[in-house]
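Structure file data.csv; described as CSV, C-alpha atoms and all ligand atoms.
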```
chain,number,residue,atom,x,y,z
A,253,VAL,CA,95.6,89.0,293.7
A,254,ARG,CA,97.2,85.8,292.6
A,255,ILE,CA,97.9,85.2,288.9
A,256,GLY,CA,99.0,81.8,287.5
A,257,HIS,CA,98.0,78.4,286.1
A,258,GLY,CA,96.6,76.1,288.9
A,259,THR,CA,95.5,79.0,291.1
A,260,PHE,CA,91.8,78.3,290.6
A,261,ASP,CA,92.0,74.6,291.7
A,262,SER,CA,93.9,75.7,294.8
A,263,LEU,CA,91.2,78.3,295.6
A,264,LEU,CA,88.4,75.7,295.5
A,265,ALA,CA,90.5,73.2,297.4
A,266,GLU,CA,91.2,75.7,300.2
A,267,ARG,CA,87.5,76.6,300.5
A,268,PRO,CA,85.5,73.3,300.5
A,269,GLU,CA,82.6,74.9,302.4
A,270,ALA,CA,82.2,78.0,300.3
A,271,TYR,CA,79.0,78.9,298.4
A,272,VAL,CA,79.9,79.1,294.7
A,273,LEU,CA,78.3,81.5,292.3
A,274,VAL,CA,79.1,80.4,288.8
A,275,ASP,CA,78.5,81.6,285.2
A,276,SER,CA,76.1,79.0,283.7
A,277,PHE,CA,78.6,78.5,280.9
A,278,PHE,CA,80.5,76.3,283.4
A,279,ALA,CA,77.4,74.4,284.6
A,280,ALA,CA,78.7,71.0,283.5
A,281,ARG,CA,82.0,71.5,285.2
A,282,PHE,CA,80.4,72.4,288.5
A,283,ALA,CA,77.6,69.8,288.4
A,284,ASP,CA,79.1,67.9,291.3
A,285,VAL,CA,80.2,70.9,293.4
A,286,PRO,CA,77.8,71.3,296.4
A,287,ARG,CA,76.3,74.8,297.2
A,288,THR,CA,76.6,76.0,293.6
A,289,LEU,CA,74.3,78.8,292.3
A,290,LEU,CA,74.3,79.3,288.5
A,291,VAL,CA,73.9,82.8,286.9
A,292,GLU,CA,73.2,83.3,283.3
A,293,ALA,CA,75.7,85.9,282.1
A,294,THR,CA,73.5,88.3,280.1
A,295,GLU,CA,72.9,92.0,280.6
A,296,GLU,CA,69.2,91.2,281.2
A,297,HIS,CA,70.3,89.3,284.3
A,298,LYS,CA,72.5,92.0,285.7
A,299,THR,CA,69.7,93.4,287.8
A,300,LEU,CA,68.6,94.1,291.3
A,301,GLY,CA,66.0,91.3,290.7
A,302,CYS,CA,68.8,88.8,290.0
A,303,VAL,CA,70.6,89.9,293.2
A,304,GLU,CA,67.4,89.5,295.2
A,305,THR,CA,66.9,85.9,293.7
A,306,LEU,CA,70.5,85.0,294.7
A,307,ILE,CA,70.0,86.3,298.2
A,308,GLY,CA,66.9,84.2,298.6
A,309,ARG,CA,68.8,81.1,297.2
A,310,LEU,CA,71.7,81.7,299.7
A,311,ARG,CA,69.1,81.7,302.5
A,312,ASP,CA,67.4,78.6,301.2
A,313,LEU,CA,70.8,76.8,301.1
A,314,GLY,CA,71.5,77.9,304.7
A,315,ALA,CA,74.3,80.4,304.2
A,316,THR,CA,75.3,82.4,307.4
A,317,ARG,CA,77.3,85.6,307.5
A,318,ARG,CA,80.4,83.6,308.5
A,319,ASP,CA,80.3,81.7,305.2
A,320,GLU,CA,82.2,82.7,302.2
A,321,LEU,CA,81.1,83.2,298.6
A,322,VAL,CA,83.3,82.3,295.7
A,323,ALA,CA,82.3,83.9,292.3
A,324,VAL,CA,83.4,82.4,289.1
A,325,GLY,CA,82.7,84.2,285.8
A,326,GLY,CA,83.1,87.4,283.9
A,327,GLY,CA,82.0,91.0,284.6
A,328,ILE,CA,78.3,90.1,284.8
A,329,VAL,CA,78.8,87.4,287.5
A,330,GLN,CA,81.2,89.8,289.3
A,331,ASP,CA,78.6,92.6,289.3
A,332,VAL,CA,75.8,90.4,290.7
A,333,ALA,CA,78.1,88.7,293.1
A,334,THR,CA,79.3,92.0,294.5
A,335,GLY,CA,75.7,93.1,294.9
A,336,ALA,CA,74.6,89.9,296.6
A,337,ALA,CA,77.7,89.5,298.8
A,338,SER,CA,77.4,93.1,300.0
A,339,LEU,CA,73.7,92.9,300.9
A,340,TYR,CA,73.3,89.3,302.2
A,341,MET,CA,72.9,89.7,306.0
A,342,ARG,CA,74.7,93.1,305.5
A,343,GLY,CA,77.8,91.6,303.9
A,344,LEU,CA,79.6,88.3,303.3
A,345,PRO,CA,83.3,87.9,302.5
A,346,TRP,CA,83.9,86.7,299.0
A,347,SER,CA,86.6,85.6,296.6
A,348,TYR,CA,86.6,86.1,292.9
A,349,ALA,CA,87.9,84.0,290.0
A,350,PRO,CA,87.5,86.0,286.8
A,351,THR,CA,87.0,84.0,283.6
A,352,THR,CA,87.1,86.6,280.9
A,353,VAL,CA,90.0,88.8,279.7
A,354,LEU,CA,87.9,91.9,280.6
A,355,ALA,CA,87.5,90.8,284.2
A,356,MET,CA,91.1,89.6,284.5
A,357,THR,CA,92.6,92.9,283.2
A,358,ASP,CA,90.2,95.3,284.6
A,359,SER,CA,87.0,94.7,286.6
A,360,CYS,CA,88.4,92.1,289.1
A,361,ILE,CA,90.0,94.9,291.2
A,362,GLY,CA,88.3,98.1,292.3
A,363,GLY,CA,85.4,96.5,294.1
A,364,LYS,CA,82.5,98.1,292.2
A,365,SER,CA,79.2,96.6,291.3
A,366,SER,CA,77.2,98.0,288.4
A,367,LEU,CA,73.6,96.9,287.9
A,368,ASN,CA,71.2,97.7,285.0
A,369,VAL,CA,67.8,99.2,285.9
A,370,GLY,CA,65.2,99.0,283.1
A,371,PRO,CA,66.8,100.5,280.0
A,372,TYR,CA,69.6,102.1,281.9
A,373,LYS,CA,73.0,100.4,281.9
A,374,ASN,CA,75.0,100.3,285.2
A,375,LEU,CA,72.6,102.8,286.9
A,376,ALA,CA,72.8,101.2,290.4
A,377,GLY,CA,75.7,99.9,292.3
A,378,ASN,CA,78.0,99.9,295.3
A,379,PHE,CA,81.5,99.0,296.5
A,380,HIS,CA,82.3,95.7,298.2
A,381,PRO,CA,85.7,94.3,297.1
A,382,PRO,CA,86.5,90.6,297.2
A,383,HIS,CA,88.9,89.5,299.8
A,384,ARG,CA,91.0,87.7,297.2
A,385,VAL,CA,91.2,87.5,293.5
A,386,VAL,CA,92.6,84.4,291.8
A,387,ILE,CA,93.4,84.8,288.1
A,388,ASP,CA,93.9,81.5,286.3
A,389,PRO,CA,94.8,82.1,282.6
A,390,MET,CA,93.4,78.6,281.7
A,391,PHE,CA,90.0,80.3,281.4
A,392,ILE,CA,91.2,82.3,278.4
A,393,ASP,CA,91.4,79.1,276.3
A,394,THR,CA,87.6,78.8,275.8
A,395,LEU,CA,87.0,82.5,275.1
A,396,PRO,CA,85.9,83.5,271.6
A,397,ALA,CA,88.3,85.9,269.8
A,398,GLU,CA,85.7,88.7,270.1
A,399,ALA,CA,85.6,88.3,273.9
A,400,ARG,CA,89.4,88.3,274.1
A,401,ALA,CA,89.7,91.4,272.0
A,402,GLY,CA,86.9,93.1,274.0
A,403,GLY,CA,88.7,92.5,277.2
A,404,LEU,CA,91.9,93.9,275.7
A,405,CYS,CA,90.0,97.1,274.8
A,406,GLU,CA,89.6,97.7,278.5
A,407,ALA,CA,93.3,97.0,279.2
A,408,MET,CA,94.3,99.3,276.3
A,409,LYS,CA,92.1,102.0,277.8
A,410,ILE,CA,93.4,101.7,281.3
A,411,CYS,CA,97.0,101.8,280.2
A,412,PHE,CA,96.4,104.8,277.9
A,413,CYS,CA,94.7,106.6,280.7
A,414,ARG,CA,97.7,105.9,283.0
A,415,GLY,CA,100.1,107.7,280.6
A,416,PRO,CA,102.5,107.2,277.7
A,417,GLU,CA,104.9,104.9,279.5
A,418,ALA,CA,102.1,102.5,280.7
A,419,PHE,CA,100.6,102.5,277.2
A,420,ALA,CA,103.9,101.7,275.5
A,421,GLY,CA,104.4,98.9,278.0
A,422,TYR,CA,101.0,97.6,277.2
A,423,LEU,CA,101.6,97.6,273.5
A,424,GLN,CA,104.9,95.6,274.0
A,425,ARG,CA,103.1,93.0,276.2
A,426,TYR,CA,100.2,92.8,273.8
A,427,ALA,CA,102.7,92.0,271.0
A,428,ASP,CA,104.3,89.3,273.2
A,429,PHE,CA,100.8,87.8,274.0
A,430,ALA,CA,99.7,87.9,270.4
A,431,GLY,CA,102.9,85.8,269.5
A,432,ASP,CA,102.7,83.5,272.6
A,433,PRO,CA,99.6,83.2,274.7
A,434,ASP,CA,101.6,81.8,277.6
A,435,THR,CA,102.8,85.4,278.3
A,436,ALA,CA,99.3,86.3,279.3
A,437,PRO,CA,100.2,86.8,283.0
A,438,ALA,CA,102.7,89.6,282.2
A,439,LEU,CA,100.0,91.4,280.2
A,440,LEU,CA,97.3,90.9,282.9
A,441,HIS,CA,99.7,92.1,285.6
A,442,HIS,CA,100.7,95.2,283.7
A,443,SER,CA,97.1,96.3,283.2
A,444,LEU,CA,96.1,95.6,286.8
A,445,ASP,CA,99.1,97.5,288.0
A,446,ALA,CA,98.1,100.5,285.9
A,447,LYS,CA,94.6,100.3,287.3
A,448,ARG,CA,95.9,99.9,290.8
A,449,TRP,CA,97.3,103.5,290.7
A,450,PHE,CA,93.8,104.9,290.1
A,451,ILE,CA,92.0,102.9,292.8
A,452,GLU,CA,94.6,103.4,295.5
A,453,ILE,CA,94.4,107.2,295.3
A,454,ASP,CA,90.6,107.3,294.6
A,455,GLU,CA,88.9,104.2,295.8
A,456,PHE,CA,85.4,105.6,295.7
A,457,ASP,CA,85.5,107.2,292.2
A,458,ARG,CA,85.4,110.9,293.1
A,459,GLY,CA,88.5,112.1,291.2
A,460,GLU,CA,91.3,110.4,289.3
A,461,ARG,CA,89.5,107.1,289.0
A,462,ARG,CA,86.8,108.8,286.9
A,463,LEU,CA,89.3,109.1,284.1
A,464,LEU,CA,88.9,105.4,283.6
A,465,ASN,CA,85.5,106.2,282.1
A,466,PHE,CA,87.4,107.1,278.9
A,467,GLY,CA,85.3,105.6,276.0
A,468,HIS,CA,82.5,104.7,278.4
A,469,THR,CA,79.9,107.4,277.7
A,470,PHE,CA,80.0,106.5,274.0
A,471,GLY,CA,80.5,102.8,274.8
A,472,HIS,CA,77.5,102.4,277.1
A,473,ALA,CA,75.3,104.3,274.7
A,474,LEU,CA,76.4,102.0,271.8
A,475,GLU,CA,75.6,98.9,273.9
A,476,ALA,CA,72.2,100.1,274.8
A,477,ALA,CA,71.3,101.5,271.3
A,478,SER,CA,72.3,98.2,269.7
A,479,ALA,CA,70.1,96.3,272.1
A,480,PHE,CA,73.4,94.8,273.5
A,481,ALA,CA,74.3,93.4,270.0
A,482,ILE,CA,77.6,95.1,270.6
A,483,SER,CA,79.4,93.5,273.6
A,484,HIS,CA,80.7,95.7,276.4
A,485,GLY,CA,84.4,95.4,275.7
A,486,ILE,CA,84.1,96.0,272.0
A,487,ALA,CA,81.7,98.9,272.7
A,488,ILE,CA,84.4,100.5,274.9
A,489,GLY,CA,86.9,100.0,272.0
A,490,VAL,CA,84.6,101.8,269.6
A,491,GLY,CA,83.9,104.3,272.4
A,492,VAL,CA,87.6,105.1,272.6
A,493,LEU,CA,87.6,105.7,268.9
A,494,CYS,CA,84.6,108.0,269.2
A,495,ALA,CA,86.1,110.0,272.1
A,496,GLU,CA,89.3,110.5,270.1
A,497,ARG,CA,87.3,111.7,267.1
A,498,LEU,CA,85.3,114.1,269.4
A,499,ALA,CA,88.6,115.6,270.8
A,500,VAL,CA,89.8,116.1,267.2
A,501,GLY,CA,86.4,117.6,266.2
A,502,LEU,CA,86.6,120.1,269.2
A,503,GLU,CA,90.3,120.9,269.1
A,504,GLY,CA,91.6,120.0,265.7
A,505,GLU,CA,94.2,117.4,264.4
A,506,ARG,CA,96.7,118.2,267.2
A,507,ALA,CA,94.4,116.1,269.5
A,508,ALA,CA,94.7,113.1,267.3
A,509,GLN,CA,96.1,109.8,268.8
A,510,PRO,CA,97.2,107.7,265.8
A,511,GLU,CA,98.8,104.9,267.9
A,512,LEU,CA,95.8,104.5,270.1
A,513,THR,CA,93.5,104.6,267.1
A,514,ALA,CA,95.5,102.0,265.1
A,515,HIS,CA,95.5,99.6,268.1
A,516,ALA,CA,91.8,100.1,268.9
A,517,LEU,CA,90.9,99.4,265.2
A,518,GLN,CA,93.1,96.3,265.4
A,519,LEU,CA,91.2,95.0,268.4
A,520,VAL,CA,87.6,95.9,267.4
A,521,GLY,CA,88.4,94.4,263.9
A,522,GLN,CA,88.4,91.0,265.6
A,523,ALA,CA,84.6,91.3,266.3
A,524,PRO,CA,82.9,89.7,263.2
A,525,GLY,CA,80.2,91.8,261.6
A,526,LEU,CA,80.9,94.8,263.8
A,527,ARG,CA,80.3,97.3,261.1
A,528,GLU,CA,76.8,96.0,260.4
A,529,ARG,CA,76.1,96.1,264.2
A,530,LEU,CA,77.3,99.7,264.3
A,531,ASP,CA,75.2,100.6,261.3
A,532,GLY,CA,72.2,99.1,263.1
A,533,VAL,CA,72.6,101.5,266.1
A,534,ASP,CA,69.3,103.4,266.7
A,535,PRO,CA,70.4,107.1,266.6
A,536,ASP,CA,67.6,108.5,268.9
A,537,HIS,CA,68.3,105.7,271.4
A,538,PHE,CA,72.0,106.5,271.2
A,539,ASP,CA,71.4,110.2,271.9
A,540,ARG,CA,69.1,109.5,274.9
A,541,ALA,CA,71.6,107.0,276.4
A,542,PHE,CA,74.5,109.3,275.8
A,543,LEU,CA,72.8,112.3,277.4
A,544,SER,CA,71.6,110.2,280.4
A,545,ASP,CA,75.0,109.0,281.4
A,546,LYS,CA,75.4,109.2,285.2
A,547,LYS,CA,78.6,111.3,285.0
A,548,HIS,CA,76.9,114.3,283.4
A,549,GLY,CA,75.5,117.3,285.3
A,550,HIS,CA,72.1,118.9,284.7
A,551,GLY,CA,73.4,121.6,282.4
A,552,ASP,CA,76.6,120.1,281.2
A,553,LEU,CA,78.3,117.0,279.8
A,554,HIS,CA,81.3,115.5,281.5
A,555,LEU,CA,83.5,113.6,279.1
A,556,ILE,CA,86.9,112.0,279.4
A,557,LEU,CA,88.9,112.8,276.3
A,558,PRO,CA,92.6,112.4,275.3
A,559,SER,CA,94.7,115.3,276.6
A,560,GLY,CA,97.6,117.1,274.9
A,561,GLY,CA,100.4,115.8,277.1
A,562,GLY,CA,99.4,112.1,276.8
A,563,GLY,CA,96.8,110.3,278.9
A,564,VAL,CA,93.3,111.8,279.3
A,565,ALA,CA,91.5,114.6,281.1
A,566,GLU,CA,87.9,115.3,282.1
A,567,ARG,CA,86.2,118.0,279.9
A,568,VAL,CA,83.0,119.8,280.9
A,569,LEU,CA,81.1,120.8,277.8
A,570,PRO,CA,77.7,122.7,277.5
A,571,ARG,CA,74.7,120.5,276.9
A,572,ASP,CA,73.8,122.3,273.7
A,573,ALA,CA,73.1,121.6,270.0
A,574,HIS,CA,76.7,122.4,268.9
A,575,VAL,CA,78.2,119.8,271.3
A,576,LEU,CA,75.5,117.2,270.4
A,577,ASP,CA,76.3,117.6,266.7
A,578,ALA,CA,80.0,117.1,267.4
A,579,VAL,CA,79.1,113.9,269.4
A,580,ARG,CA,77.0,112.6,266.5
A,581,GLU,CA,79.7,113.4,264.0
A,582,ALA,CA,82.4,111.6,266.2
A,583,ARG,CA,80.2,108.5,266.3
A,584,ALA,CA,79.6,108.6,262.5
A,585,GLU,CA,83.4,109.0,261.9
A,586,ALA,CA,84.4,106.2,264.2
A,587,THR,CA,81.8,103.9,262.5
A,588,ARG,CA,83.3,104.7,259.1
A,589,MET,CA,86.7,103.8,260.4
A,590,VAL,CA,85.6,100.3,261.3
A,591,ALA,CA,86.1,98.2,258.2
A,592,ALA,CA,82.9,97.0,256.5
A,601,LIG,N1,82.0,96.2,288.1
A,601,LIG,C1,83.0,96.6,287.3
A,601,LIG,O1,84.0,97.2,287.8
A,601,LIG,C2,83.0,96.4,285.8
A,601,LIG,C3,84.0,96.9,285.0
A,601,LIG,C4,84.0,96.6,283.6
A,601,LIG,C5,82.9,95.9,283.1
A,601,LIG,N2,81.9,95.5,283.9
A,601,LIG,C6,80.7,94.8,283.4
A,601,LIG,O2,81.1,93.5,282.9
A,601,LIG,C7,80.2,93.1,281.9
A,601,LIG,C8,81.0,92.4,280.8
A,601,LIG,O3,81.8,91.4,281.4
A,601,LIG,P1,82.7,90.4,280.5
A,601,LIG,O4,83.1,91.0,279.3
A,601,LIG,O5,83.7,90.0,281.5
A,601,LIG,O6,81.8,89.1,280.2
A,601,LIG,P2,80.3,88.6,280.6
A,601,LIG,O7,80.3,88.4,282.1
A,601,LIG,O8,79.4,89.6,280.1
A,601,LIG,O9,80.3,87.3,279.8
A,601,LIG,C9,80.2,87.3,278.4
A,601,LIG,C10,80.0,85.9,277.8
A,601,LIG,O10,81.2,85.1,278.0
A,601,LIG,C11,80.8,83.9,278.6
A,601,LIG,N3,82.0,83.4,279.3
A,601,LIG,C12,82.5,83.8,280.5
A,601,LIG,N4,83.7,83.2,280.7
A,601,LIG,C13,84.0,82.4,279.7
A,601,LIG,C14,85.0,81.6,279.3
A,601,LIG,N5,86.1,81.4,280.1
A,601,LIG,N6,85.0,80.9,278.2
A,601,LIG,C15,83.9,81.0,277.3
A,601,LIG,N7,82.9,81.8,277.6
A,601,LIG,C16,82.9,82.5,278.8
A,601,LIG,C17,79.6,84.2,279.5
A,601,LIG,O11,78.9,83.0,279.8
A,601,LIG,C18,78.9,85.2,278.6
A,601,LIG,O12,78.1,84.5,277.6
A,601,LIG,C19,79.4,94.2,281.5
A,601,LIG,O13,78.1,94.1,282.0
A,601,LIG,C20,80.1,95.4,282.1
A,601,LIG,O14,79.3,96.5,282.4
A,601,LIG,C21,81.9,95.7,285.3
```
Mind turning the file's structure into structure tokens?
Ligand SMILES: NC(=O)c1ccc[n+]([C@@H]2O[C@H](COP(=O)([O-])OP(=O)(O)OC[C@H]3O[C@@H](n4cnc5c(N)ncnc54)[C@H](O)[C@@H]3O)[C@@H](O)[C@H]2O)c1
Amino acid sequence: VRIGHGTFDSLLAERPEAYVLVDSFFAARFADVPRTLLVEATEEHKTLGCVETLIGRLRDLGATRRDELVAVGGGIVQDVATGAASLYMRGLPWSYAPTTVLAMTDSCIGGKSSLNVGPYKNLAGNFHPPHRVVIDPMFIDTLPAEARAGGLCEAMKICFCRGPEAFAGYLQRYADFAGDPDTAPALLHHSLDAKRWFIEIDEFDRGERRLLNFGHTFGHALEAASAFAISHGIAIGVGVLCAERLAVGLEGERAAQPELTAHALQLVGQAPGLRERLDGVDPDHFDRAFLSDKKHGHGDLHLILPSGGGGVAERVLPRDAHVLDAVREARAEATRMVAA
């Protein structure tokens, strides 16, 4: 992983023959770059169908298994690029230049693809990490405030999961970044270093890495039940608030995490009109999406909640009316906390 201004131009210069898969937001910038494939970065395009189309386009353009793919975009481009690169002729090497704060602080390492299937978010996927990741902070300049804050929700979550020291270090670097955007590399590095611990000891998501799903069971359900009116990163920020409230509902005030809550509210508060979007969440759709999360078992619910000693732990709860009521109440409480 390389982080720094100018790294993106070097990547392209070093790979003049590469096939370039780009977020269509950058279409004008790549108009003269040969072998460019555009991807519209919406959840509707994060599908097996889109991966199939890209594989066909790579064949039409003459790509062989010795060629390299360079993907340029946020988490959606990354997800379809991972899928296409892993399947095309049984696997192409690829490089990734993340263009969103979310992808820079979180998804660019770890090697996962997550594809939506029908109404189900991130139901299908595999592992096929890029050979190199090049993080050029210049891409942050064009991101709207909501997208920046949403990406930082994932960084906040990773660092909280890693433990109190990593979380304190994150809050310090966040304050530096808020005062001076040129300090972005230190913040990005800190978050990726915290994530690195999880993926080095559990690359394939069987144990410790599952803890990074903190906020995600709620978050994915909020995204789906708002018809994706709530963006992924912001949904994770609200999901973290919900998970904290659920822990308090189940265990009492000793489970409260005031520092985490205050920071999450500060971040999600940068999403204009969020409270209206949360009020518009369809409760039945939310329940269905929450209960169909891929981490649950048949008879129980697997949730990542704040743990007493700092950090988080996996809790296995019965799939019954009492727990579902507590889940609904946690969502309602977190919604009320978000300023109207
Ligand atoms: N595979 C993983 O490990 C993993 C991890 C976390 C999230 N995700 C997925 O990532 C997706 C969210 O990704 P995201 O938040 O990075 O954004 P995104 O890819 O969804 O893009 C969001 C919007 O930002 C635009 N955009 C991208 N870069 C820009 C820039 N530099 N300036 C202005 N606009 C820009 C895009 O065109 C799009 O309109 C979700 O689908 C989520 O499930 C995947």
Exercise. Hey, can you check how far CA of Pro389 in chain A sits from CA of Thr294 in chain A?
Worked result: 22.3 Å
Per-residue nearest contacts chain A to ligand LIG 601 (chain A), cut-off 9 Å, using only C-alpha atoms and all ligand atoms, as JSON lines:
```
{"residue": "A:Asp275", "atom": "CA", "partner": "A:LIG601", "partner_atom": "O11", "distance": 5.6}
{"residue": "A:Ser276", "atom": "CA", "partner": "A:LIG601", "partner_atom": "O11", "distance": 6.2}
{"residue": "A:Phe277", "atom": "CA", "partner": "A:LIG601", "partner_atom": "O11", "distance": 4.6}
{"residue": "A:Phe278", "atom": "CA", "partner": "A:LIG601", "partner_atom": "O11", "distance": 7.8}
{"residue": "A:Val291", "atom": "CA", "partner": "A:LIG601", "partner_atom": "O11", "distance": 8.7}
{"residue": "A:Glu292", "atom": "CA", "partner": "A:LIG601", "partner_atom": "O11", "distance": 6.7}
{"residue": "A:Ala293", "atom": "CA", "partner": "A:LIG601", "partner_atom": "C18", "distance": 4.8}
{"residue": "A:Thr294", "atom": "CA", "partner": "A:LIG601", "partner_atom": "O8", "distance": 6.0}
{"residue": "A:Glu295", "atom": "CA", "partner": "A:LIG601", "partner_atom": "O13", "distance": 5.8}
{"residue": "A:Lys298", "atom": "CA", "partner": "A:LIG601", "partner_atom": "O13", "distance": 7.0}
{"residue": "A:Val324", "atom": "CA", "partner": "A:LIG601", "partner_atom": "N4", "distance": 8.4}
{"residue": "A:Gly325", "atom": "CA", "partner": "A:LIG601", "partner_atom": "N4", "distance": 5.3}
{"residue": "A:Gly326", "atom": "CA", "partner": "A:LIG601", "partner_atom": "O7", "distance": 3.5}
{"residue": "A:Gly327", "atom": "CA", "partner": "A:LIG601", "partner_atom": "O2", "distance": 3.2}
{"residue": "A:Ile328", "atom": "CA", "partner": "A:LIG601", "partner_atom": "O7", "distance": 3.8}
{"residue": "A:Val329", "atom": "CA", "partner": "A:LIG601", "partner_atom": "O7", "distance": 5.7}
{"residue": "A:Gln330", "atom": "CA", "partner": "A:LIG601", "partner_atom": "N1", "distance": 6.6}
{"residue": "A:Asp331", "atom": "CA", "partner": "A:LIG601", "partner_atom": "N1", "distance": 5.1}
{"residue": "A:Val332", "atom": "CA", "partner": "A:LIG601", "partner_atom": "N1", "distance": 8.9}
{"residue": "A:Thr334", "atom": "CA", "partner": "A:LIG601", "partner_atom": "N1", "distance": 8.1}
{"residue": "A:Pro350", "atom": "CA", "partner": "A:LIG601", "partner_atom": "O5", "distance": 7.7}
{"residue": "A:Thr351", "atom": "CA", "partner": "A:LIG601", "partner_atom": "N5", "distance": 4.5}
{"residue": "A:Thr352", "atom": "CA", "partner": "A:LIG601", "partner_atom": "N4", "distance": 4.8}
{"residue": "A:Val353", "atom": "CA", "partner": "A:LIG601", "partner_atom": "O5", "distance": 6.7}
{"residue": "A:Leu354", "atom": "CA", "partner": "A:LIG601", "partner_atom": "O5", "distance": 4.7}
{"residue": "A:Ala355", "atom": "CA", "partner": "A:LIG601", "partner_atom": "O5", "distance": 4.7}
{"residue": "A:Met356", "atom": "CA", "partner": "A:LIG601", "partner_atom": "O5", "distance": 8.0}
{"residue": "A:Asp358", "atom": "CA", "partner": "A:LIG601", "partner_atom": "C4", "distance": 6.4}
{"residue": "A:Ser359", "atom": "CA", "partner": "A:LIG601", "partner_atom": "C3", "distance": 4.0}
{"residue": "A:Cys360", "atom": "CA", "partner": "A:LIG601", "partner_atom": "O1", "distance": 6.9}
{"residue": "A:Ile361", "atom": "CA", "partner": "A:LIG601", "partner_atom": "O1", "distance": 7.3}
{"residue": "A:Gly362", "atom": "CA", "partner": "A:LIG601", "partner_atom": "O1", "distance": 6.3}
{"residue": "A:Gly363", "atom": "CA", "partner": "A:LIG601", "partner_atom": "O1", "distance": 6.5}
{"residue": "A:Lys364", "atom": "CA", "partner": "A:LIG601", "partner_atom": "N1", "distance": 4.5}
{"residue": "A:Ser365", "atom": "CA", "partner": "A:LIG601", "partner_atom": "N1", "distance": 4.3}
{"residue": "A:Ser366", "atom": "CA", "partner": "A:LIG601", "partner_atom": "N1", "distance": 5.1}
{"residue": "A:Leu367", "atom": "CA", "partner": "A:LIG601", "partner_atom": "O13", "distance": 7.9}
{"residue": "A:Asn368", "atom": "CA", "partner": "A:LIG601", "partner_atom": "O13", "distance": 8.3}
{"residue": "A:Lys373", "atom": "CA", "partner": "A:LIG601", "partner_atom": "O14", "distance": 7.4}
{"residue": "A:Asn374", "atom": "CA", "partner": "A:LIG601", "partner_atom": "O14", "distance": 6.4}
{"residue": "A:Gly377", "atom": "CA", "partner": "A:LIG601", "partner_atom": "N1", "distance": 8.4}
{"residue": "A:Phe379", "atom": "CA", "partner": "A:LIG601", "partner_atom": "N1", "distance": 8.9}
{"residue": "A:Met390", "atom": "CA", "partner": "A:LIG601", "partner_atom": "N5", "distance": 8.0}
{"residue": "A:Phe391", "atom": "CA", "partner": "A:LIG601", "partner_atom": "N5", "distance": 4.3}
{"residue": "A:Ile392", "atom": "CA", "partner": "A:LIG601", "partner_atom": "N5", "distance": 5.5}
{"residue": "A:Asp393", "atom": "CA", "partner": "A:LIG601", "partner_atom": "N6", "distance": 6.9}
{"residue": "A:Thr394", "atom": "CA", "partner": "A:LIG601", "partner_atom": "N6", "distance": 4.1}
{"residue": "A:Leu395", "atom": "CA", "partner": "A:LIG601", "partner_atom": "N6", "distance": 4.0}
{"residue": "A:Pro396", "atom": "CA", "partner": "A:LIG601", "partner_atom": "C15", "distance": 6.5}
{"residue": "A:Ala399", "atom": "CA", "partner": "A:LIG601", "partner_atom": "O4", "distance": 6.5}
{"residue": "A:Arg400", "atom": "CA", "partner": "A:LIG601", "partner_atom": "O4", "distance": 8.6}
{"residue": "A:Gly402", "atom": "CA", "partner": "A:LIG601", "partner_atom": "O4", "distance": 6.9}
{"residue": "A:Gly403", "atom": "CA", "partner": "A:LIG601", "partner_atom": "O4", "distance": 6.2}
{"residue": "A:Glu406", "atom": "CA", "partner": "A:LIG601", "partner_atom": "C4", "distance": 7.7}
{"residue": "A:His472", "atom": "CA", "partner": "A:LIG601", "partner_atom": "O14", "distance": 8.1}
{"residue": "A:Ser483", "atom": "CA", "partner": "A:LIG601", "partner_atom": "O4", "distance": 7.2}
{"residue": "A:His484", "atom": "CA", "partner": "A:LIG601", "partner_atom": "C19", "distance": 5.5}
{"residue": "A:Gly485", "atom": "CA", "partner": "A:LIG601", "partner_atom": "O4", "distance": 5.8}
{"residue": "A:Ile486", "atom": "CA", "partner": "A:LIG601", "partner_atom": "O4", "distance": 8.9}
```
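Going from CA of Val386 in chain A to CA of Arg448 in chain A covers 15.9 Å.
For the pair CA of Asp539 in chain A and CA of Phe456 in chain A, the separation is 28.0 Å.
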Problem set entry | Residues within 12 Å of (101.2, 99.7, 277.2), counting all atoms listed in the file, listed as a VMD selection string | chain A and resid 404 to 428 438 to 446 511 to 512 515 563
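If you measure from each of A:Pro345, A:Gly562, A:Pro371, A:Gly491 to Glu296 in chain A using all atoms listed in the file, the closest one turns out to be A:Pro371.
Residue nearest Ala323 in chain A within the list A:Leu273, A:Thr288, A:Pro437, A:Leu339: A:Leu273 [criterion: smallest interatomic distance, all atoms listed in the file].
Residues with any atom within 8 Å of Arg254 in chain A, counting all atoms listed in the file and excluding same-chain neighbours fewer than 5 positions away, are Thr259, Arg384, Val385, Val386 and Ile387 of chain A.
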When you look at range 313-322 of chain A with a cut-off of 6 Å (counting all atoms listed in the file), what residues show up, excluding the ones that are within fewer than 2 positions of it in the same chain? I need them as a short mmCIF file (atom, residue, chain, number, x, y, z; two decimals) with C-alpha atoms, in the frame of the given file.
```
data_model
loop_
_atom_site.label_atom_id
_atom_site.label_comp_id
_atom_site.auth_asym_id
_atom_site.auth_seq_id
_atom_site.Cartn_x
_atom_site.Cartn_y
_atom_site.Cartn_z
CA ALA A 270 82.20 78.00 300.30
CA TYR A 271 79.00 78.90 298.40
CA VAL A 272 79.90 79.10 294.70
CA LEU A 310 71.70 81.70 299.70
CA ARG A 311 69.10 81.70 302.50
CA LEU A 344 79.60 88.30 303.30
CA PRO A 345 83.30 87.90 302.50
CA TRP A 346 83.90 86.70 299.00
CA SER A 347 86.60 85.60 296.60
CA TYR A 348 86.60 86.10 292.90
#
```
